[in-house]
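Below is run.cif, which holds mmCIF, C-alpha atoms.
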```cif
data_target
#
loop_
_atom_site.label_atom_id
_atom_site.label_comp_id
_atom_site.auth_asym_id
_atom_site.auth_seq_id
_atom_site.Cartn_x
_atom_site.Cartn_y
_atom_site.Cartn_z
CA MET A 1 41.77 -9.93 39.74
CA SER A 2 45.31 -8.60 40.27
CA PRO A 3 45.34 -4.78 40.35
CA ASP A 4 48.25 -4.94 37.90
CA MET A 5 46.20 -6.74 35.26
CA ALA A 6 46.03 -4.84 31.97
CA VAL A 7 42.73 -4.25 30.23
CA LEU A 8 42.04 -7.15 27.88
CA LEU A 9 40.28 -6.43 24.58
CA TYR A 10 38.64 -9.22 22.61
CA ASP A 11 39.28 -7.68 19.26
CA ASN A 12 39.17 -8.00 15.51
CA PRO A 13 41.31 -5.80 13.24
CA VAL A 14 38.62 -5.20 10.58
CA SER A 15 35.72 -4.57 12.98
CA GLY A 16 34.78 -0.90 13.21
CA ASN A 17 33.11 -1.61 16.55
CA CYS A 18 36.49 -2.84 17.85
CA HIS A 19 38.24 0.13 16.20
CA LYS A 20 36.12 2.47 18.37
CA VAL A 21 37.51 0.82 21.50
CA ARG A 22 41.11 0.88 20.27
CA LEU A 23 40.70 4.60 19.52
CA ILE A 24 39.38 5.59 22.96
CA LEU A 25 41.95 3.45 24.79
CA GLY A 26 44.69 5.04 22.68
CA LEU A 27 43.38 8.58 23.24
CA LEU A 28 43.27 8.00 27.00
CA GLY A 29 46.68 6.30 27.12
CA ILE A 30 45.23 3.13 28.64
CA GLU A 31 47.39 0.08 28.03
CA TYR A 32 45.66 -3.07 26.89
CA GLU A 33 46.25 -6.50 25.52
CA ARG A 34 44.48 -7.77 22.40
CA HIS A 35 42.97 -11.21 21.98
CA GLU A 36 41.91 -11.56 18.36
CA LEU A 37 38.71 -13.37 17.41
CA SER A 38 37.51 -14.02 13.87
CA VAL A 39 34.41 -12.23 12.59
CA VAL A 40 33.88 -14.96 9.97
CA ASP A 41 34.47 -18.22 11.88
CA ARG A 42 32.53 -17.71 15.11
CA SER A 43 32.85 -21.32 16.27
CA ASP A 44 35.00 -20.41 19.30
CA ARG A 45 32.81 -17.53 20.46
CA ALA A 46 30.79 -19.41 23.10
CA GLU A 47 33.90 -21.02 24.57
CA VAL A 48 35.81 -17.72 24.79
CA LEU A 49 33.10 -15.14 25.55
CA THR A 50 30.46 -16.94 27.66
CA GLY A 51 30.19 -15.04 30.92
CA LEU A 52 31.86 -12.00 29.37
CA SER A 53 29.45 -10.91 26.61
CA ALA A 54 25.75 -11.82 26.53
CA SER A 55 25.72 -11.60 22.72
CA LEU A 56 29.17 -13.25 22.34
CA ASN A 57 30.29 -10.24 20.32
CA VAL A 58 33.52 -8.36 19.82
CA PRO A 59 34.50 -5.96 21.15
CA THR A 60 34.32 -7.23 24.71
CA VAL A 61 36.71 -5.93 27.34
CA VAL A 62 37.84 -7.32 30.66
CA LEU A 63 38.68 -4.38 32.93
CA ASP A 64 41.82 -4.24 35.06
CA ASP A 65 39.80 -5.54 38.03
CA GLY A 66 38.57 -8.57 36.06
CA ARG A 67 35.02 -7.36 35.35
CA PRO A 68 33.74 -7.77 31.77
CA LEU A 69 31.94 -5.21 29.62
CA ALA A 70 30.44 -5.65 26.14
CA GLU A 71 28.81 -3.46 23.47
CA SER A 72 31.17 -1.03 21.75
CA ASN A 73 29.28 2.14 22.63
CA ALA A 74 28.85 1.14 26.29
CA ILE A 75 32.62 0.55 26.40
CA LEU A 76 33.27 3.97 24.80
CA TRP A 77 31.07 5.60 27.45
CA TYR A 78 32.69 3.75 30.36
CA PHE A 79 36.22 4.78 29.47
CA ALA A 80 35.41 8.30 28.23
CA ASP A 81 33.33 9.35 31.24
CA GLY A 82 35.23 12.00 33.17
CA SER A 83 37.50 12.77 30.19
CA ARG A 84 37.33 15.54 27.57
CA TYR A 85 35.66 13.08 25.19
CA LEU A 86 32.34 13.01 27.07
CA PRO A 87 30.68 16.27 28.21
CA ASP A 88 29.57 16.82 31.82
CA ASP A 89 26.31 18.59 31.01
CA PRO A 90 23.28 16.25 31.35
CA TYR A 91 21.62 17.43 28.14
CA GLU A 92 24.83 17.15 26.12
CA ARG A 93 25.38 13.67 27.57
CA ALA A 94 21.88 12.69 26.46
CA GLN A 95 22.65 14.07 23.00
CA VAL A 96 25.78 11.90 22.88
CA LEU A 97 23.61 8.89 23.73
CA GLN A 98 21.08 9.92 21.08
CA TRP A 99 23.80 9.70 18.40
CA LEU A 100 25.25 6.47 19.86
CA PHE A 101 21.82 4.83 19.57
CA PHE A 102 21.38 6.26 16.06
CA GLU A 103 24.73 4.69 15.17
CA GLN A 104 23.76 1.23 16.44
CA TYR A 105 20.18 1.29 15.15
CA LYS A 106 20.35 3.07 11.77
CA HIS A 107 23.99 3.32 10.70
CA GLU A 108 25.85 0.16 11.72
CA PRO A 109 23.17 -2.36 10.63
CA ALA A 110 23.27 -0.82 7.14
CA ILE A 111 26.75 0.54 6.44
CA ALA A 112 28.82 -1.91 8.51
CA VAL A 113 26.77 -4.92 7.49
CA VAL A 114 27.03 -4.15 3.75
CA ARG A 115 30.80 -3.65 4.11
CA PHE A 116 31.01 -7.04 5.84
CA TRP A 117 28.87 -8.76 3.20
CA VAL A 118 30.83 -7.26 0.31
CA GLY A 119 34.31 -7.57 1.76
CA TYR A 120 34.39 -10.42 4.24
CA ALA A 121 31.36 -12.74 4.25
CA GLU A 122 31.82 -16.26 2.93
CA THR A 123 28.24 -16.42 1.66
CA PRO A 124 26.83 -12.92 1.11
CA PRO A 125 23.05 -12.58 0.67
CA PRO A 126 21.31 -11.93 -2.68
CA ALA A 127 22.05 -8.66 -4.47
CA ALA A 128 18.56 -7.31 -3.76
CA GLU A 129 19.12 -7.64 -0.03
CA ILE A 130 22.47 -5.88 -0.26
CA GLU A 131 20.89 -3.07 -2.27
CA ALA A 132 18.08 -2.67 0.29
CA ARG A 133 20.68 -2.20 3.01
CA ARG A 134 22.59 0.26 0.82
CA THR A 135 19.41 2.33 0.58
CA ALA A 136 19.17 2.29 4.39
CA GLY A 137 22.85 3.22 4.62
CA ARG A 138 22.40 6.20 2.33
CA ALA A 139 19.48 7.35 4.51
CA ALA A 140 21.80 7.26 7.54
CA LEU A 141 24.45 9.23 5.64
CA GLU A 142 21.80 11.79 4.72
CA VAL A 143 20.90 12.21 8.41
CA MET A 144 24.60 12.81 9.15
CA GLU A 145 24.92 15.21 6.20
CA ARG A 146 21.99 17.33 7.38
CA HIS A 147 23.41 17.57 10.91
CA LEU A 148 26.99 18.22 9.81
CA SER A 149 25.89 20.92 7.36
CA GLU A 150 25.12 23.00 10.45
CA HIS A 151 27.56 21.59 13.04
CA ASP A 152 31.30 20.83 13.01
CA TYR A 153 30.82 17.91 15.42
CA PHE A 154 27.81 15.87 16.52
CA VAL A 155 27.46 17.27 20.05
CA ALA A 156 28.62 20.26 22.08
CA ALA A 157 30.57 21.84 19.18
CA ARG A 158 33.57 19.63 19.94
CA PHE A 159 35.05 16.19 19.41
CA THR A 160 33.31 13.55 21.59
CA ILE A 161 32.68 9.82 21.59
CA ALA A 162 29.64 10.51 19.37
CA ASP A 163 32.15 11.41 16.65
CA ILE A 164 34.31 8.37 17.42
CA ALA A 165 31.32 6.02 17.19
CA LEU A 166 30.15 7.46 13.87
CA TYR A 167 33.67 7.77 12.43
CA ALA A 168 34.33 4.03 12.82
CA TYR A 169 32.15 2.76 9.98
CA THR A 170 31.71 6.02 8.02
CA HIS A 171 35.37 6.31 7.03
CA VAL A 172 35.28 2.77 5.59
CA ALA A 173 31.80 3.08 4.00
CA PRO A 174 33.35 3.14 0.48
CA GLU A 175 34.53 -0.45 1.13
CA GLY A 176 30.83 -1.35 1.14
CA GLY A 177 30.22 0.48 -2.15
CA PHE A 178 28.95 3.70 -0.57
CA ASP A 179 29.94 6.77 -2.58
CA LEU A 180 30.62 9.66 -0.19
CA ALA A 181 30.75 12.27 -3.00
CA PRO A 182 27.11 13.36 -2.39
CA TYR A 183 27.92 14.10 1.27
CA PRO A 184 30.38 17.03 1.36
CA ALA A 185 29.68 17.88 5.03
CA VAL A 186 30.35 14.26 5.99
CA ARG A 187 33.63 14.30 4.05
CA ALA A 188 34.71 17.57 5.69
CA TRP A 189 33.85 16.09 9.11
CA LEU A 190 35.90 12.94 8.35
CA ASP A 191 38.89 15.20 7.58
CA ARG A 192 38.26 17.11 10.82
CA ILE A 193 38.13 13.89 12.85
CA GLU A 194 41.28 12.49 11.24
CA ALA A 195 43.07 15.75 12.14
CA GLU A 196 42.43 14.99 15.84
CA PRO A 197 45.60 13.76 17.58
CA GLY A 198 45.37 10.02 18.07
CA ILE A 199 42.69 9.35 15.46
CA VAL A 200 43.83 6.92 12.80
CA PRO A 201 41.90 5.02 10.11
CA ILE A 202 41.14 1.39 10.78
CA SER A 203 43.81 0.25 8.32
CA ALA A 204 46.57 2.38 9.90
CA MET B 1 10.94 28.48 26.29
CA SER B 2 8.60 29.35 29.16
CA PRO B 3 9.71 27.67 32.40
CA ASP B 4 6.12 26.57 32.85
CA MET B 5 6.06 24.57 29.62
CA ALA B 6 5.24 20.90 30.16
CA VAL B 7 7.35 18.18 28.61
CA LEU B 8 5.94 17.37 25.17
CA LEU B 9 6.07 13.76 23.98
CA TYR B 10 5.68 12.91 20.30
CA ASP B 11 4.04 9.60 20.91
CA ASN B 12 2.26 6.60 19.50
CA PRO B 13 0.10 4.33 21.65
CA VAL B 14 1.26 1.02 20.12
CA SER B 15 4.98 1.85 19.97
CA GLY B 16 6.99 0.06 22.67
CA ASN B 17 9.72 2.67 22.27
CA CYS B 18 7.15 5.33 23.21
CA HIS B 19 5.83 3.11 26.02
CA LYS B 20 9.29 3.20 27.63
CA VAL B 21 9.12 6.99 27.82
CA ARG B 22 5.58 7.04 29.17
CA LEU B 23 6.68 4.55 31.87
CA ILE B 24 9.69 6.56 33.09
CA LEU B 25 7.77 9.85 33.05
CA GLY B 26 4.98 8.19 35.04
CA LEU B 27 7.40 6.61 37.54
CA LEU B 28 9.09 9.97 38.11
CA GLY B 29 5.79 11.88 38.33
CA ILE B 30 6.75 14.19 35.46
CA GLU B 31 3.74 15.75 33.75
CA TYR B 32 3.70 15.75 29.99
CA GLU B 33 1.54 16.38 26.98
CA ARG B 34 1.17 13.83 24.19
CA HIS B 35 1.19 14.62 20.50
CA GLU B 36 0.26 11.45 18.65
CA LEU B 37 1.91 10.55 15.35
CA SER B 38 1.06 7.53 13.19
CA VAL B 39 3.57 4.70 12.85
CA VAL B 40 1.96 3.63 9.56
CA ASP B 41 1.37 6.89 7.68
CA ARG B 42 4.65 8.77 8.15
CA SER B 43 3.84 11.52 5.64
CA ASP B 44 3.75 14.25 8.31
CA ARG B 45 6.99 13.24 10.01
CA ALA B 46 9.33 15.69 8.28
CA GLU B 47 6.96 18.59 8.82
CA VAL B 48 6.48 17.83 12.53
CA LEU B 49 9.86 16.45 13.62
CA THR B 50 12.50 18.24 11.51
CA GLY B 51 14.83 19.98 13.92
CA LEU B 52 13.63 17.79 16.80
CA SER B 53 14.67 14.25 15.76
CA ALA B 54 17.42 13.50 13.24
CA SER B 55 15.72 10.21 12.30
CA LEU B 56 12.20 11.71 12.41
CA ASN B 57 11.22 8.95 14.86
CA VAL B 58 8.86 8.66 17.78
CA PRO B 59 9.41 8.95 20.66
CA THR B 60 10.84 12.44 20.55
CA VAL B 61 10.48 14.75 23.54
CA VAL B 62 10.67 18.50 23.88
CA LEU B 63 11.92 19.28 27.38
CA ASP B 64 10.36 21.93 29.59
CA ASP B 65 13.05 24.39 28.44
CA GLY B 66 12.23 23.79 24.77
CA ARG B 67 15.20 21.57 23.90
CA PRO B 68 14.47 18.38 21.90
CA LEU B 69 15.72 14.87 22.56
CA ALA B 70 15.20 11.72 20.46
CA GLU B 71 15.97 7.98 20.74
CA SER B 72 13.94 6.15 23.36
CA ASN B 73 16.88 4.84 25.39
CA ALA B 74 18.65 8.22 25.43
CA ILE B 75 15.40 9.72 26.73
CA LEU B 76 15.14 7.00 29.41
CA TRP B 77 18.70 7.78 30.53
CA TYR B 78 18.16 11.57 30.60
CA PHE B 79 15.12 11.41 32.85
CA ALA B 80 16.28 8.50 35.05
CA ASP B 81 19.73 9.88 35.83
CA GLY B 82 19.85 10.83 39.50
CA SER B 83 16.80 8.68 40.33
CA ARG B 84 16.56 5.17 41.79
CA TYR B 85 16.07 3.82 38.26
CA LEU B 86 19.71 4.41 37.19
CA PRO B 87 22.59 3.35 39.47
CA ASP B 88 25.38 5.77 40.45
CA ASP B 89 28.23 3.29 40.16
CA PRO B 90 30.20 3.76 36.90
CA TYR B 91 30.43 0.03 36.14
CA GLU B 92 26.73 -0.56 36.82
CA ARG B 93 25.91 2.43 34.61
CA ALA B 94 28.01 0.90 31.83
CA GLN B 95 26.15 -2.39 32.32
CA VAL B 96 22.84 -0.53 31.94
CA LEU B 97 24.12 0.91 28.67
CA GLN B 98 25.30 -2.53 27.57
CA TRP B 99 21.74 -3.84 27.87
CA LEU B 100 20.23 -0.70 26.30
CA PHE B 101 22.45 -1.21 23.24
CA PHE B 102 21.61 -4.92 23.17
CA GLU B 103 17.95 -3.93 23.17
CA GLN B 104 18.29 -1.56 20.22
CA TYR B 105 20.67 -3.76 18.20
CA LYS B 106 19.48 -7.33 18.77
CA HIS B 107 16.03 -7.23 20.38
CA GLU B 108 14.03 -4.35 18.93
CA PRO B 109 14.96 -4.91 15.23
CA ALA B 110 13.71 -8.50 15.54
CA ILE B 111 10.91 -8.66 18.09
CA ALA B 112 9.42 -5.19 17.64
CA VAL B 113 9.75 -5.26 13.86
CA VAL B 114 8.00 -8.64 13.54
CA ARG B 115 5.20 -7.43 15.83
CA PHE B 116 4.80 -4.37 13.61
CA TRP B 117 4.81 -6.40 10.39
CA VAL B 118 2.29 -8.92 11.72
CA GLY B 119 -0.01 -6.52 13.51
CA TYR B 120 0.22 -3.11 11.93
CA ALA B 121 2.04 -2.92 8.57
CA GLU B 122 -0.03 -2.26 5.46
CA THR B 123 2.30 -4.32 3.26
CA PRO B 124 4.27 -6.84 5.36
CA PRO B 125 7.31 -8.49 3.74
CA PRO B 126 7.38 -12.10 2.47
CA ALA B 127 6.91 -14.89 5.04
CA ALA B 128 10.55 -15.99 4.72
CA GLU B 129 11.74 -12.54 5.79
CA ILE B 130 9.37 -12.55 8.77
CA GLU B 131 10.60 -16.01 9.79
CA ALA B 132 14.26 -14.91 9.54
CA ARG B 133 13.50 -12.07 11.96
CA ARG B 134 11.64 -14.46 14.25
CA THR B 135 14.80 -16.58 14.42
CA ALA B 136 16.78 -13.47 15.38
CA GLY B 137 14.12 -12.60 17.97
CA ARG B 138 14.32 -16.04 19.55
CA ALA B 139 18.10 -15.63 19.80
CA ALA B 140 17.56 -12.35 21.69
CA LEU B 141 15.07 -14.05 24.01
CA GLU B 142 17.62 -16.81 24.65
CA VAL B 143 20.21 -14.20 25.65
CA MET B 144 17.68 -12.76 28.11
CA GLU B 145 16.75 -16.22 29.39
CA ARG B 146 20.37 -17.10 30.13
CA HIS B 147 20.92 -13.86 32.04
CA LEU B 148 17.62 -13.99 33.93
CA SER B 149 18.21 -17.61 34.94
CA GLU B 150 20.92 -16.23 37.22
CA HIS B 151 19.67 -12.70 37.96
CA ASP B 152 16.34 -11.24 39.06
CA TYR B 153 16.98 -8.02 37.12
CA PHE B 154 19.38 -7.06 34.33
CA VAL B 155 21.74 -4.88 36.37
CA ALA B 156 22.64 -4.22 40.01
CA ALA B 157 20.13 -6.78 41.39
CA ARG B 158 17.35 -4.23 41.19
CA PHE B 159 14.83 -2.63 38.86
CA THR B 160 16.48 -0.11 36.48
CA ILE B 161 15.89 1.44 33.07
CA ALA B 162 17.57 -1.64 31.57
CA ASP B 163 14.48 -3.57 32.69
CA ILE B 164 12.14 -0.87 31.39
CA ALA B 165 13.81 -0.87 27.97
CA LEU B 166 13.64 -4.66 27.65
CA TYR B 167 10.16 -4.93 29.13
CA ALA B 168 8.67 -2.69 26.45
CA TYR B 169 8.77 -5.12 23.53
CA THR B 170 9.18 -8.39 25.45
CA HIS B 171 5.76 -8.25 27.11
CA VAL B 172 4.11 -7.84 23.70
CA ALA B 173 6.33 -10.35 21.87
CA PRO B 174 3.42 -12.84 21.62
CA GLU B 175 1.65 -10.27 19.37
CA GLY B 176 4.46 -10.99 16.87
CA GLY B 177 3.98 -14.73 17.16
CA PHE B 178 6.75 -15.31 19.70
CA ASP B 179 5.90 -18.11 22.13
CA LEU B 180 7.33 -17.25 25.56
CA ALA B 181 6.71 -20.76 26.97
CA PRO B 182 10.34 -21.86 26.37
CA TYR B 183 11.62 -18.92 28.43
CA PRO B 184 10.49 -19.43 32.04
CA ALA B 185 13.04 -17.01 33.51
CA VAL B 186 11.86 -14.32 31.08
CA ARG B 187 8.24 -14.96 32.08
CA ALA B 188 9.09 -14.79 35.80
CA TRP B 189 10.96 -11.53 35.17
CA LEU B 190 7.96 -10.08 33.28
CA ASP B 191 5.79 -10.85 36.33
CA ARG B 192 8.40 -9.25 38.59
CA ILE B 193 8.49 -6.08 36.44
CA GLU B 194 4.70 -5.82 36.28
CA ALA B 195 4.62 -6.06 40.10
CA GLU B 196 6.65 -2.81 40.26
CA PRO B 197 4.46 0.16 41.23
CA GLY B 198 3.75 2.24 38.16
CA ILE B 199 4.57 -0.43 35.56
CA VAL B 200 1.64 -1.17 33.29
CA PRO B 201 1.41 -3.11 30.03
CA ILE B 202 1.24 -1.08 26.84
CA SER B 203 -2.45 -1.83 26.41
CA ALA B 204 -3.37 -0.66 29.93
#
```

Could you render the structure from this file as structure tokens?
Amino acid sequence: MSPDMAVLLYDNPVSGNCHKVRLILGLLGIEYERHELSVVDRSDRAEVLTGLSASLNVPTVVLDDGRPLAESNAILWYFADGSRYLPDDPYERAQVLQWLFFEQYKHEPAIAVVRFWVGYAETPPPAAEIEARRTAGRAALEVMERHLSEHDYFVAARFTIADIALYAYTHVAPEGGFDLAPYPAVRAWLDRIEAEPGIVPISA
Amino acid sequence: MSPDMAVLLYDNPVSGNCHKVRLILGLLGIEYERHELSVVDRSDRAEVLTGLSASLNVPTVVLDDGRPLAESNAILWYFADGSRYLPDDPYERAQVLQWLFFEQYKHEPAIAVVRFWVGYAETPPPAAEIEARRTAGRAALEVMERHLSEHDYFVAARFTIADIALYAYTHVAPEGGFDLAPYPAVRAWLDRIEAEPGIVPISA
């Protein structure tokens, strides 16, 4: 509970959800320590994260006053509030939330999960199950493509945490076998996001 | 765009996500009109919701100034902000979001989806797939049980939109074959929520 304690991030280098948190902390110049947890062997999760994260998930942060916070998009919101990365206007803030919930409900469970199955899982599910999730992932990319065909960013005509949240697993979607060629507006948006100072791909 | 326009809710009477929105609008005394859409026959979704909801989902609202907003938990946040149902403290607000994202990522895709398959779907998936989701739903209920064993409400020791969001599909979980007997803290919390003025079950 020392006021000099740094933010602690329970982290994994290949998790896009963790990447979101590293990006916002970097953009805001907030120093933090990383404690790496495996996304394959979860046997130490209860021991390490009980009392910090209800779902025992990474990312989880412990703030500089010792209080814990879980769920990547809740963490994004907490740190970004009051900064240029989260608008002040109530309707624009609700639009940011709308895209954050889209990301966790429609995008991550398809695109991130297929990438994990294909690239990291010890026992991936049957091919038919992977293909069903790929279909769902393409539907999420189509939603993004329609929006980005008419907008440079997701909300408020500027770079916000809605873009950070959706960038995290979109820029690595090809690792899950998603071809981004049919989504030119998504590809142009990825280039736009990566031109933002402080935005780096997960592998950087 | 008339200032006298009522809020319009694209709604379905059996959708817990829509129930959340009806609850917060009722609690806040906001008048609204309902436009019912089917959750089984989605053939009119694109025609009705294009330009209003990126995912073409209910609930979607059109605010009294004509602007649309989708995603049930984003809608809850928009209306509750500034009311007694959403705290002012930044950390408590982040905790509310933490539970809203838990609800959409871990709870709804298991408990709500099984209820839909069992009670409403024209062609439910194979029994093994339903049982896999039931296992995931029980894990979500266990997370709730652990938290509610030590807290009367999810955040800030009082009734907030985190409770509304989790109430929506928990109180109808038995319709999906979930037995709530092993979760006494969840059952006590359901009673506590239903004792709140203005909170009614979905079937009421």

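Note that atom CA of Leu27 of chain A and atom CA of Arg67 of chain A are 21.7 Å apart.
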
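For the pair atom CA of Leu97 of chain A and atom CA of Gly177 of chain A, the separation is 28.0 Å.
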
Practice problem: Select all residues from chain A having any atom no more than 6 Å from an atom of chain B (counting all atoms listed in the file, ignoring ligands), output as a PyMOL selection string. | Solution: chain A and resi 71+74+78+94+97-98+105

Self-check item: Explicit residue set for the PyMOL selection byres ((chain A and resi 38) around 10), as a PyMOL selection string
Solution: chain A and resi 11-15+36-37+39-45+58

Assuming 5 Å of padding per side, give the centre and edge lengths of the axis-aligned box around every listed atom of segment 190-204 of chain A, in Å to one decimal and as lines of an AutoDock Vina configuration file.
```
center_x = 41.2
center_y = 8.7
center_z = 12.8
size_x = 20.7
size_y = 26.9
size_z = 20.5
```

Self-check item: Nearest-residue call for Glu33 of chain B, choices B:Thr170, B:Thr135, B:Thr60, B:Ser83, using all atoms listed in the file
Solution: B:Thr60

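Across A:Asn57, A:Thr123, A:Ser149, A:Ser203, the tightest approach to His171 of chain A is made by A:Ser203 when counting all atoms listed in the file.
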
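Counting from atom CA of Ile164 of chain A, the distance to atom CA of Asp64 of chain A is 22.9 Å.
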
Practice problem: Please determine the residues with any atom at most 10 Å from (5.3, -11.1, 13.4) (coordinates as given in the file, with all atoms listed in the file counting) and report them as a ChimeraX atom specification. | Solution: /B:110-120,124,127,130-131,133-134,173-178

Mind listing whatever residues come within 7 Å of the point (17.5, 0.1, 32.8)? Use all atoms listed in the file, file coordinates, and give them as a tab-separated table (two decimals) with C-alpha atoms, in the frame of the given file.
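Written out: result32.tsv:
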```
chain	number	residue	atom	x	y	z
B	85	TYR	CA	16.07	3.82	38.26
B	86	LEU	CA	19.71	4.41	37.19
B	96	VAL	CA	22.84	-0.53	31.94
B	160	THR	CA	16.48	-0.11	36.48
B	161	ILE	CA	15.89	1.44	33.07
B	162	ALA	CA	17.57	-1.64	31.57
B	163	ASP	CA	14.48	-3.57	32.69
B	164	ILE	CA	12.14	-0.87	31.39
B	165	ALA	CA	13.81	-0.87	27.97
```
